[in-house]
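Heads up, protein.pdb below (PDB, C-alpha atoms):
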```
ATOM      1  CA  MET A   1      12.032 -58.846  55.987
ATOM      2  CA  ASP A   2      13.248 -55.553  57.483
ATOM      3  CA  PHE A   3      14.547 -53.194  54.783
ATOM      4  CA  THR A   4      15.589 -50.535  57.307
ATOM      5  CA  LEU A   5      19.225 -49.499  56.916
ATOM      6  CA  THR A   6      21.510 -49.475  59.939
ATOM      7  CA  ASP A   7      23.173 -46.256  61.055
ATOM      8  CA  GLU A   8      26.422 -47.486  59.473
ATOM      9  CA  GLN A   9      24.679 -48.163  56.157
ATOM     10  CA  GLU A  10      23.030 -44.742  56.186
ATOM     11  CA  LEU A  11      26.482 -43.223  56.712
ATOM     12  CA  LEU A  12      27.904 -45.349  53.900
ATOM     13  CA  ARG A  13      25.217 -44.187  51.500
ATOM     14  CA  ALA A  14      25.592 -40.531  52.490
ATOM     15  CA  THR A  15      29.381 -40.718  52.152
ATOM     16  CA  ALA A  16      29.183 -42.412  48.743
ATOM     17  CA  ARG A  17      26.619 -39.867  47.532
ATOM     18  CA  SER A  18      28.754 -36.931  48.624
ATOM     19  CA  LEU A  19      32.028 -38.378  47.351
ATOM     20  CA  LEU A  20      30.785 -39.432  43.936
ATOM     21  CA  GLY A  21      28.608 -36.370  43.487
ATOM     22  CA  ASN A  22      31.601 -34.100  44.085
ATOM     23  CA  GLU A  23      34.321 -36.096  42.343
ATOM     24  CA  CYS A  24      32.427 -37.497  39.343
ATOM     25  CA  PRO A  25      30.487 -34.654  37.697
ATOM     26  CA  SER A  26      29.085 -35.047  34.209
ATOM     27  CA  ALA A  27      32.058 -33.058  32.892
ATOM     28  CA  LEU A  28      34.349 -35.922  33.951
ATOM     29  CA  VAL A  29      32.048 -38.484  32.336
ATOM     30  CA  ARG A  30      32.095 -36.521  29.080
ATOM     31  CA  ALA A  31      35.878 -36.097  29.213
ATOM     32  CA  HIS A  32      36.231 -39.861  29.696
ATOM     33  CA  TRP A  33      34.547 -40.291  26.321
ATOM     34  CA  GLU A  34      37.633 -38.835  24.629
ATOM     35  CA  ASP A  35      40.315 -39.798  27.141
ATOM     36  CA  PRO A  36      39.734 -42.764  29.507
ATOM     37  CA  SER A  37      42.809 -41.822  31.532
ATOM     38  CA  VAL A  38      40.963 -38.889  33.150
ATOM     39  CA  VAL A  39      39.482 -41.364  35.641
ATOM     40  CA  GLU A  40      42.857 -42.526  36.919
ATOM     41  CA  PRO A  41      43.211 -39.811  39.589
ATOM     42  CA  LEU A  42      39.727 -40.635  40.893
ATOM     43  CA  TRP A  43      40.642 -44.327  41.072
ATOM     44  CA  ALA A  44      44.025 -43.717  42.692
ATOM     45  CA  THR A  45      42.794 -41.159  45.213
ATOM     46  CA  TYR A  46      39.394 -42.524  46.230
ATOM     47  CA  LEU A  47      37.865 -45.517  44.493
ATOM     48  CA  ARG A  48      40.490 -48.140  45.221
ATOM     49  CA  GLU A  49      39.785 -47.621  48.930
ATOM     50  CA  TRP A  50      36.209 -48.818  48.311
ATOM     51  CA  VAL A  51      37.021 -52.022  46.415
ATOM     52  CA  ALA A  52      36.861 -54.021  49.647
ATOM     53  CA  LEU A  53      33.080 -53.551  49.628
ATOM     54  CA  GLY A  54      33.080 -56.406  47.122
ATOM     55  CA  ASP A  55      34.353 -58.619  49.943
ATOM     56  CA  GLY A  56      31.701 -57.672  52.461
ATOM     57  CA  PRO A  57      27.907 -57.669  52.748
ATOM     58  CA  LEU A  58      26.229 -57.309  49.367
ATOM     59  CA  VAL A  59      23.767 -54.730  50.720
ATOM     60  CA  ASP A  60      26.683 -52.406  51.524
ATOM     61  CA  HIS A  61      28.177 -52.903  48.078
ATOM     62  CA  CYS A  62      24.814 -52.202  46.445
ATOM     63  CA  LEU A  63      24.438 -48.959  48.384
ATOM     64  CA  PHE A  64      27.734 -47.736  46.962
ATOM     65  CA  LEU A  65      27.022 -48.980  43.438
ATOM     66  CA  GLU A  66      23.601 -47.341  43.399
ATOM     67  CA  GLU A  67      25.340 -44.013  43.911
ATOM     68  CA  ALA A  68      27.911 -44.961  41.260
ATOM     69  CA  GLY A  69      25.091 -45.559  38.793
ATOM     70  CA  HIS A  70      23.560 -42.213  39.715
ATOM     71  CA  VAL A  71      26.683 -40.406  38.438
ATOM     72  CA  LEU A  72      27.575 -42.890  35.635
ATOM     73  CA  LEU A  73      30.889 -43.705  37.316
ATOM     74  CA  PRO A  74      33.356 -44.753  34.596
ATOM     75  CA  GLY A  75      36.556 -46.749  35.002
ATOM     76  CA  PRO A  76      37.524 -50.100  36.533
ATOM     77  CA  TYR A  77      35.636 -49.915  39.842
ATOM     78  CA  PHE A  78      32.690 -52.136  38.903
ATOM     79  CA  ALA A  79      34.807 -54.711  37.082
ATOM     80  CA  THR A  80      37.281 -54.924  39.957
ATOM     81  CA  SER A  81      34.917 -54.938  42.938
ATOM     82  CA  ALA A  82      31.873 -56.765  41.556
ATOM     83  CA  LEU A  83      33.462 -59.274  39.167
ATOM     84  CA  PHE A  84      37.189 -59.728  39.695
ATOM     85  CA  LEU A  85      37.498 -59.687  43.493
ATOM     86  CA  PRO A  86      34.589 -62.109  44.195
ATOM     87  CA  LEU A  87      35.943 -64.515  41.565
ATOM     88  CA  LEU A  88      39.420 -64.472  43.103
ATOM     89  CA  ARG A  89      37.937 -65.101  46.549
ATOM     90  CA  ALA A  90      35.983 -68.072  45.185
ATOM     91  CA  LEU A  91      39.239 -69.415  43.741
ATOM     92  CA  GLY A  92      41.226 -68.773  46.893
ATOM     93  CA  HIS A  93      43.677 -66.893  44.681
ATOM     94  CA  PRO A  94      46.684 -65.270  46.416
ATOM     95  CA  SER A  95      46.094 -61.920  44.658
ATOM     96  CA  ALA A  96      42.685 -61.445  46.271
ATOM     97  CA  ASP A  97      44.029 -59.586  49.303
ATOM     98  CA  ALA A  98      45.950 -57.149  47.114
ATOM     99  CA  VAL A  99      42.808 -56.497  45.055
ATOM    100  CA  ALA A 100      40.738 -55.879  48.192
ATOM    101  CA  ALA A 101      43.401 -53.447  49.389
ATOM    102  CA  GLY A 102      43.153 -51.497  46.146
ATOM    103  CA  GLU A 103      46.672 -52.421  45.059
ATOM    104  CA  LEU A 104      45.528 -54.289  41.943
ATOM    105  CA  SER A 105      42.664 -53.788  39.527
ATOM    106  CA  GLY A 106      41.160 -56.496  37.379
ATOM    107  CA  THR A 107      38.342 -57.714  35.192
ATOM    108  CA  VAL A 108      36.735 -60.986  34.092
ATOM    109  CA  ALA A 109      36.600 -62.474  30.591
ATOM    110  CA  LEU A 110      33.828 -65.065  30.419
ATOM    111  CA  ALA A 111      31.194 -64.337  27.760
ATOM    112  CA  GLY A 112      31.729 -65.971  24.384
ATOM    113  CA  LEU A 113      30.599 -64.830  20.968
ATOM    114  CA  ASP A 114      26.949 -65.112  22.076
ATOM    115  CA  GLY A 115      27.563 -62.610  24.874
ATOM    116  CA  LEU A 116      26.137 -64.886  27.591
ATOM    117  CA  TRP A 117      27.704 -64.974  31.054
ATOM    118  CA  THR A 118      27.102 -68.588  32.121
ATOM    119  CA  THR A 119      28.880 -71.330  34.056
ATOM    120  CA  GLU A 120      29.547 -73.167  30.788
ATOM    121  CA  PRO A 121      32.118 -71.007  28.987
ATOM    122  CA  SER A 122      32.358 -71.313  25.229
ATOM    123  CA  PRO A 123      35.150 -73.534  23.847
ATOM    124  CA  ASP A 124      35.866 -70.754  21.371
ATOM    125  CA  PRO A 125      38.954 -68.862  22.618
ATOM    126  CA  VAL A 126      37.423 -65.424  21.991
ATOM    127  CA  ARG A 127      35.953 -63.662  25.009
ATOM    128  CA  ARG A 128      33.711 -60.669  24.417
ATOM    129  CA  PHE A 129      32.206 -57.875  26.532
ATOM    130  CA  VAL A 130      35.240 -57.762  28.835
ATOM    131  CA  PRO A 131      34.986 -54.544  30.886
ATOM    132  CA  GLU A 132      37.975 -52.187  30.965
ATOM    133  CA  ALA A 133      40.390 -54.857  29.702
ATOM    134  CA  ASP A 134      42.977 -52.293  28.604
ATOM    135  CA  ARG A 135      43.098 -50.300  31.845
ATOM    136  CA  VAL A 136      43.325 -52.982  34.552
ATOM    137  CA  ASP A 137      46.298 -54.883  35.952
ATOM    138  CA  GLN A 138      44.970 -58.429  35.595
ATOM    139  CA  VAL A 139      42.332 -60.376  33.684
ATOM    140  CA  ALA A 140      40.608 -63.530  34.930
ATOM    141  CA  LEU A 141      40.010 -65.781  31.915
ATOM    142  CA  VAL A 142      37.197 -68.284  32.448
ATOM    143  CA  VAL A 143      37.568 -71.390  30.277
ATOM    144  CA  PRO A 144      35.585 -74.645  29.921
ATOM    145  CA  GLY A 145      35.717 -76.879  32.958
ATOM    146  CA  PRO A 146      34.953 -74.408  34.332
ATOM    147  CA  ALA A 147      38.409 -73.136  35.242
ATOM    148  CA  VAL A 148      40.017 -69.729  35.692
ATOM    149  CA  ALA A 149      43.399 -68.356  34.682
ATOM    150  CA  VAL A 150      44.518 -65.024  36.120
ATOM    151  CA  VAL A 151      46.969 -63.343  33.767
ATOM    152  CA  PRO A 152      48.505 -59.870  33.417
ATOM    153  CA  ALA A 153      46.356 -57.664  31.225
ATOM    154  CA  SER A 154      49.518 -56.605  29.374
ATOM    155  CA  SER A 155      49.925 -60.190  28.094
ATOM    156  CA  LEU A 156      46.643 -59.984  26.160
ATOM    157  CA  THR A 157      45.571 -58.012  23.127
ATOM    158  CA  ALA A 158      42.389 -56.120  23.971
ATOM    159  CA  ARG A 159      40.319 -55.125  20.955
ATOM    160  CA  PRO A 160      37.753 -52.369  21.659
ATOM    161  CA  MET A 161      34.121 -53.186  20.927
ATOM    162  CA  GLU A 162      31.811 -50.518  19.585
ATOM    163  CA  THR A 163      29.016 -50.209  22.108
ATOM    164  CA  LEU A 164      26.308 -47.715  22.967
ATOM    165  CA  ASP A 165      27.850 -46.701  26.291
ATOM    166  CA  SER A 166      31.383 -45.306  26.352
ATOM    167  CA  THR A 167      31.322 -44.886  30.132
ATOM    168  CA  ARG A 168      31.766 -48.659  30.481
ATOM    169  CA  ARG A 169      34.276 -49.671  27.856
ATOM    170  CA  LEU A 170      34.061 -53.266  26.640
ATOM    171  CA  PHE A 171      36.684 -55.320  24.851
ATOM    172  CA  GLU A 172      37.296 -58.553  23.035
ATOM    173  CA  VAL A 173      40.241 -60.715  24.129
ATOM    174  CA  GLU A 174      41.538 -64.105  23.072
ATOM    175  CA  VAL A 175      42.398 -66.867  25.547
ATOM    176  CA  PRO A 176      45.971 -68.098  24.930
ATOM    177  CA  ALA A 177      46.203 -71.768  23.946
ATOM    178  CA  ASP A 178      48.698 -72.625  26.711
ATOM    179  CA  VAL A 179      46.953 -70.838  29.574
ATOM    180  CA  ASP A 180      47.283 -72.491  33.007
ATOM    181  CA  ALA A 181      43.797 -72.503  34.563
ATOM    182  CA  GLN A 182      42.672 -73.398  38.079
ATOM    183  CA  PRO A 183      39.422 -75.402  38.377
ATOM    184  CA  ILE A 184      36.396 -73.777  39.987
ATOM    185  CA  SER A 185      33.108 -75.469  40.808
ATOM    186  CA  SER A 186      29.993 -74.550  38.862
ATOM    187  CA  GLU A 187      28.292 -73.703  42.151
ATOM    188  CA  ALA A 188      31.015 -71.233  43.129
ATOM    189  CA  LEU A 189      30.994 -69.623  39.687
ATOM    190  CA  THR A 190      27.191 -69.370  39.783
ATOM    191  CA  SER A 191      27.407 -67.579  43.124
ATOM    192  CA  VAL A 192      29.951 -65.107  41.737
ATOM    193  CA  LEU A 193      27.796 -64.371  38.697
ATOM    194  CA  ASP A 194      24.614 -64.030  40.739
ATOM    195  CA  ARG A 195      26.316 -61.610  43.113
ATOM    196  CA  ALA A 196      27.661 -59.559  40.206
ATOM    197  CA  THR A 197      24.204 -59.543  38.616
ATOM    198  CA  VAL A 198      22.658 -58.035  41.753
ATOM    199  CA  ALA A 199      25.493 -55.510  41.979
ATOM    200  CA  LEU A 200      24.885 -54.409  38.383
ATOM    201  CA  ALA A 201      21.149 -54.180  39.058
ATOM    202  CA  ALA A 202      21.889 -51.867  42.003
ATOM    203  CA  GLU A 203      23.926 -49.634  39.730
ATOM    204  CA  MET A 204      21.015 -49.575  37.258
ATOM    205  CA  VAL A 205      18.673 -48.513  40.061
ATOM    206  CA  GLY A 206      20.902 -45.482  40.619
ATOM    207  CA  THR A 207      20.832 -44.626  36.918
ATOM    208  CA  THR A 208      17.059 -44.981  36.897
ATOM    209  CA  ARG A 209      16.771 -42.742  39.945
ATOM    210  CA  TRP A 210      18.622 -39.967  38.122
ATOM    211  CA  LEU A 211      16.372 -40.289  35.071
ATOM    212  CA  VAL A 212      13.200 -40.186  37.184
ATOM    213  CA  SER A 213      14.224 -37.319  39.471
ATOM    214  CA  THR A 214      15.637 -35.234  36.623
ATOM    215  CA  SER A 215      12.496 -35.711  34.553
ATOM    216  CA  VAL A 216      10.246 -34.710  37.448
ATOM    217  CA  GLN A 217      12.341 -31.616  38.145
ATOM    218  CA  TYR A 218      12.364 -30.604  34.484
ATOM    219  CA  SER A 219       8.590 -31.030  34.256
ATOM    220  CA  LYS A 220       8.220 -28.485  37.052
ATOM    221  CA  GLU A 221      10.489 -25.936  35.361
ATOM    222  CA  ARG A 222       9.509 -26.239  31.697
ATOM    223  CA  VAL A 223       6.506 -24.065  30.877
ATOM    224  CA  GLN A 224       4.269 -24.609  27.855
ATOM    225  CA  PHE A 225       0.926 -22.894  27.222
ATOM    226  CA  ASP A 226       1.578 -20.843  30.388
ATOM    227  CA  ARG A 227       1.669 -23.982  32.549
ATOM    228  CA  PRO A 228       4.440 -26.272  33.820
ATOM    229  CA  ILE A 229       4.419 -29.351  31.603
ATOM    230  CA  GLY A 230       4.270 -31.499  34.733
ATOM    231  CA  SER A 231       0.648 -30.414  35.123
ATOM    232  CA  PHE A 232      -0.316 -32.266  31.929
ATOM    233  CA  GLN A 233      -1.927 -35.593  32.679
ATOM    234  CA  GLY A 234      -0.163 -37.426  29.851
ATOM    235  CA  LEU A 235       3.238 -36.652  31.367
ATOM    236  CA  GLN A 236       2.027 -37.363  34.883
ATOM    237  CA  PHE A 237       1.103 -40.893  33.823
ATOM    238  CA  LYS A 238       4.600 -41.403  32.446
ATOM    239  CA  MET A 239       6.291 -40.154  35.601
ATOM    240  CA  VAL A 240       4.066 -42.264  37.839
ATOM    241  CA  ASP A 241       4.881 -45.389  35.829
ATOM    242  CA  MET A 242       8.604 -44.546  35.891
ATOM    243  CA  SER A 243       8.501 -44.077  39.649
ATOM    244  CA  LEU A 244       6.617 -47.323  40.251
ATOM    245  CA  ASP A 245       9.084 -49.296  38.143
ATOM    246  CA  HIS A 246      11.952 -47.688  40.026
ATOM    247  CA  GLU A 247      10.437 -48.574  43.393
ATOM    248  CA  ARG A 248       9.835 -52.181  42.328
ATOM    249  CA  ALA A 249      13.392 -52.507  41.059
ATOM    250  CA  THR A 250      14.845 -51.012  44.238
ATOM    251  CA  ALA A 251      12.901 -53.454  46.414
ATOM    252  CA  ALA A 252      13.912 -56.403  44.216
ATOM    253  CA  VAL A 253      17.590 -55.447  44.295
ATOM    254  CA  TYR A 254      17.845 -55.003  48.033
ATOM    255  CA  TYR A 255      15.791 -58.123  48.706
ATOM    256  CA  ALA A 256      18.236 -60.049  46.532
ATOM    257  CA  ALA A 257      21.214 -58.503  48.312
ATOM    258  CA  MET A 258      19.749 -59.403  51.696
ATOM    259  CA  THR A 259      19.187 -63.022  50.635
ATOM    260  CA  PHE A 260      22.880 -63.266  49.744
ATOM    261  CA  ASP A 261      23.947 -61.800  53.066
ATOM    262  CA  ALA A 262      21.637 -64.212  54.903
ATOM    263  CA  GLY A 263      22.677 -67.256  52.843
ATOM    264  CA  ASP A 264      19.036 -67.720  51.856
ATOM    265  CA  PRO A 265      18.381 -70.504  49.305
ATOM    266  CA  ASP A 266      16.169 -68.084  47.343
ATOM    267  CA  ARG A 267      19.170 -65.937  46.376
ATOM    268  CA  HIS A 268      19.620 -67.448  42.901
ATOM    269  CA  ARG A 269      16.028 -66.671  41.885
ATOM    270  CA  ALA A 270      16.221 -63.287  43.580
ATOM    271  CA  ALA A 271      19.231 -62.332  41.458
ATOM    272  CA  HIS A 272      17.274 -63.020  38.258
ATOM    273  CA  VAL A 273      14.290 -61.030  39.539
ATOM    274  CA  ALA A 274      16.521 -58.098  40.513
ATOM    275  CA  LYS A 275      18.211 -57.811  37.120
ATOM    276  CA  ALA A 276      14.939 -58.236  35.209
ATOM    277  CA  ALA A 277      13.217 -55.579  37.320
ATOM    278  CA  ALA A 278      16.163 -53.186  37.081
ATOM    279  CA  GLY A 279      16.336 -53.634  33.309
ATOM    280  CA  THR A 280      12.631 -52.983  32.879
ATOM    281  CA  ALA A 281      12.797 -49.856  35.042
ATOM    282  CA  ALA A 282      15.925 -48.479  33.387
ATOM    283  CA  LYS A 283      14.611 -48.889  29.846
ATOM    284  CA  ARG A 284      11.256 -47.263  30.651
ATOM    285  CA  ALA A 285      12.916 -44.395  32.494
ATOM    286  CA  ALA A 286      15.373 -43.781  29.652
ATOM    287  CA  LYS A 287      12.679 -43.783  26.978
ATOM    288  CA  ASP A 288      10.239 -41.605  28.894
ATOM    289  CA  ALA A 289      12.908 -39.194  30.144
ATOM    290  CA  VAL A 290      13.863 -38.334  26.579
ATOM    291  CA  GLN A 291      10.214 -37.708  25.712
ATOM    292  CA  ILE A 292       9.563 -35.612  28.814
ATOM    293  CA  HIS A 293      12.589 -33.453  28.028
ATOM    294  CA  GLY A 294      11.214 -32.887  24.530
ATOM    295  CA  GLY A 295      13.558 -31.386  21.949
ATOM    296  CA  ILE A 296      16.353 -30.742  24.453
ATOM    297  CA  GLY A 297      16.366 -34.428  25.435
ATOM    298  CA  TYR A 298      17.717 -35.339  21.999
ATOM    299  CA  THR A 299      20.663 -32.945  22.089
ATOM    300  CA  TRP A 300      24.297 -33.746  22.784
ATOM    301  CA  GLU A 301      24.449 -30.955  25.372
ATOM    302  CA  SER A 302      21.832 -32.608  27.574
ATOM    303  CA  ASP A 303      23.055 -35.317  29.971
ATOM    304  CA  VAL A 304      19.933 -37.381  29.331
ATOM    305  CA  HIS A 305      21.532 -39.248  26.432
ATOM    306  CA  LEU A 306      24.463 -40.298  28.646
ATOM    307  CA  PHE A 307      22.089 -41.959  31.097
ATOM    308  CA  LEU A 308      20.034 -43.478  28.280
ATOM    309  CA  ARG A 309      23.204 -45.087  26.929
ATOM    310  CA  ARG A 310      24.154 -46.533  30.320
ATOM    311  CA  ALA A 311      20.621 -47.764  30.963
ATOM    312  CA  TYR A 312      20.336 -49.710  27.717
ATOM    313  CA  ALA A 313      23.920 -50.999  27.766
ATOM    314  CA  SER A 314      23.624 -52.253  31.344
ATOM    315  CA  GLU A 315      20.365 -53.977  30.461
ATOM    316  CA  TYR A 316      22.288 -56.301  28.128
ATOM    317  CA  LEU A 317      25.400 -56.808  30.253
ATOM    318  CA  LEU A 318      25.105 -60.020  32.311
ATOM    319  CA  GLY A 319      21.893 -60.879  30.456
ATOM    320  CA  PRO A 320      18.854 -58.820  29.389
ATOM    321  CA  SER A 321      15.521 -58.919  31.208
ATOM    322  CA  ASP A 322      13.996 -61.480  28.849
ATOM    323  CA  TRP A 323      16.928 -63.836  29.388
ATOM    324  CA  HIS A 324      16.550 -63.585  33.169
ATOM    325  CA  HIS A 325      12.800 -64.191  32.853
ATOM    326  CA  ASP A 326      13.577 -67.348  30.886
ATOM    327  CA  ARG A 327      16.024 -68.534  33.556
ATOM    328  CA  LEU A 328      13.345 -67.959  36.182
ATOM    329  CA  ALA A 329      10.879 -70.009  34.130
ATOM    330  CA  ASP A 330      13.432 -72.802  33.798
ATOM    331  CA  ASP A 331      13.988 -72.766  37.541
ATOM    332  CA  LEU A 332      10.301 -72.668  38.452
ATOM    333  CA  PHE A 333       8.863 -74.989  35.848
ATOM    334  CA  GLY A 334      11.769 -76.882  34.331
TER     335      GLY A 334
END
```
Will you turn the file into structure tokens for me?
Amino acid sequence: MDFTLTDEQELLRATARSLLGNECPSALVRAHWEDPSVVEPLWATYLREWVALGDGPLVDHCLFLEEAGHVLLPGPYFATSALFLPLLRALGHPSADAVAAGELSGTVALAGLDGLWTTEPSPDPVRRFVPEADRVDQVALVVPGPAVAVVPASSLTARPMETLDSTRRLFEVEVPADVDAQPISSEALTSVLDRATVALAAEMVGTTRWLVSTSVQYSKERVQFDRPIGSFQGLQFKMVDMSLDHERATAAVYYAAMTFDAGDPDRHRAAHVAKAAAGTAAKRAAKDAVQIHGGIGYTWESDVHLFLRRAYASEYLLGPSDWHHDRLADDLFG
């Protein structure tokens, strides 16, 4: 398999890196902690124009989301492009074109009280871990069947959930008893979830890349005992292991994305591998980055804790690594 990017994909990545690097500094991420509305100008001016990537090749979408993860992009972009739009397309819903055009934002409410995103939604009406439910236009409620009801977000009561990562705000909503849902096949819903899983893994690769590169740079600048701390073998081992995990996760994510674009039958397994690898890499990078930064890594002023929060929170969204390993075992040996 050829992992070489085309000229258009190189341009896409460079454009996304420049745009998000300039328009989403850590100051914006920190301000979002107190006031989520600070992201609205970024969404209205730039991000809604990129939602259509969720309609196209998954490799292209992953390239953009990797850069989004590198800056901890807050707001409704991921929920709208990676969850909501693909689900509406699978349904053949009339609002899909408006979402792709950036005219509507949305999110998906599927996980029950156990937090699992599966094709067998819980009969309990409560849906948890719903991203950005209070700041989108519509919510797709997935109910047993499976079936999907697309309703205005204003018709639901979104209760904030206390989570580690405030840059991706999660909510609890209740499915109305009289909701009118449209059936969707388990196969179509599986494809939507697998695609979203790879997209999230790509975002985690970007977060991991920041943790690795920042740790390496800091180890060159921080001097202890008249030597840069990066010269100490104990820290070198950590940075090598972080880098190897990052490389493995990157390869797994883009292999998975390419299997989706090629319609390869291995895409379901590849999605599990991608998320498990990205979760493993992100957790190691977060843990070791804090240690490499020493005392400053534990402070509020350092950005390291922001990336640690995103890394661990994303690991559990759409299933942690152990859960994906179990699904792989079921598929291979069940």
Long-range neighbours of segment 323-326 of chain A as a JSON list (two decimals) with C-alpha atoms, in the frame of the given file, 10 Å cut-off, all atoms listed in the file, 6 positions minimum in chain:
```
[["chain", "number", "residue", "atom", "x", "y", "z"],
["A", 116, "LEU", "CA", 26.14, -64.89, 27.59],
["A", 269, "ARG", "CA", 16.03, -66.67, 41.88],
["A", 271, "ALA", "CA", 19.23, -62.33, 41.46],
["A", 272, "HIS", "CA", 17.27, -63.02, 38.26],
["A", 273, "VAL", "CA", 14.29, -61.03, 39.54],
["A", 274, "ALA", "CA", 16.52, -58.10, 40.51],
["A", 275, "LYS", "CA", 18.21, -57.81, 37.12],
["A", 276, "ALA", "CA", 14.94, -58.24, 35.21],
["A", 277, "ALA", "CA", 13.22, -55.58, 37.32],
["A", 279, "GLY", "CA", 16.34, -53.63, 33.31],
["A", 316, "TYR", "CA", 22.29, -56.30, 28.13],
["A", 332, "LEU", "CA", 10.30, -72.67, 38.45]]
```
Can you spell out as a PyMOL selection string the set of residues that the PyMOL selection byres ((chain A and resi 141) around 10) selects in the structure I just provided?
chain A and resi 107-111+121+125+127+130+138-140+142-143+147-151+173-176+179-181
For the structure provided, state which residues fall under the PyMOL selection byres ((chain A and resi 36) around 9), and present them as a count of residues only.
14
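Take atom CA of Asp245 of chain A and atom CA of Lys283 of chain A: the distance between them is 10.0 Å.
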Interatomic distance (Å, one decimal) between atom CA of Ser154 of chain A and atom CA of Glu103 of chain A
16.5 Å
If we count only C-alpha atoms, what is near Asp55 of chain A at a cut-off of 8 Å, once residues fewer than 6 positions away on the same chain are taken out, given as a PyMOL selection string?
chain A and resi 81+85-86+100
Target residues per the PyMOL selection byres ((chain A and resi 195) around 8), formatted as a CSV table (one decimal) with C-alpha atoms, in the coordinates of the input:
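What follows is the written file result_14.csv:
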```
chain,number,residue,atom,x,y,z
A,58,LEU,CA,26.2,-57.3,49.4
A,82,ALA,CA,31.9,-56.8,41.6
A,191,SER,CA,27.4,-67.6,43.1
A,192,VAL,CA,30.0,-65.1,41.7
A,193,LEU,CA,27.8,-64.4,38.7
A,194,ASP,CA,24.6,-64.0,40.7
A,196,ALA,CA,27.7,-59.6,40.2
A,197,THR,CA,24.2,-59.5,38.6
A,198,VAL,CA,22.7,-58.0,41.8
A,199,ALA,CA,25.5,-55.5,42.0
A,257,ALA,CA,21.2,-58.5,48.3
A,260,PHE,CA,22.9,-63.3,49.7
A,271,ALA,CA,19.2,-62.3,41.5
```
Spatial neighbours of Tyr298 of chain A, 12 Å, all atoms listed in the file, chain gap at least 4 places, as a PyMOL selection string:
chain A and resi 286-294+302-306+308
Best match for closeness to Ala79 of chain A among A:Ala249, A:Arg168, A:Met161, A:Arg209, counting all atoms listed in the file
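Looking only at the distances to Ala79 of chain A, the closest residue turns out to be A:Arg168.
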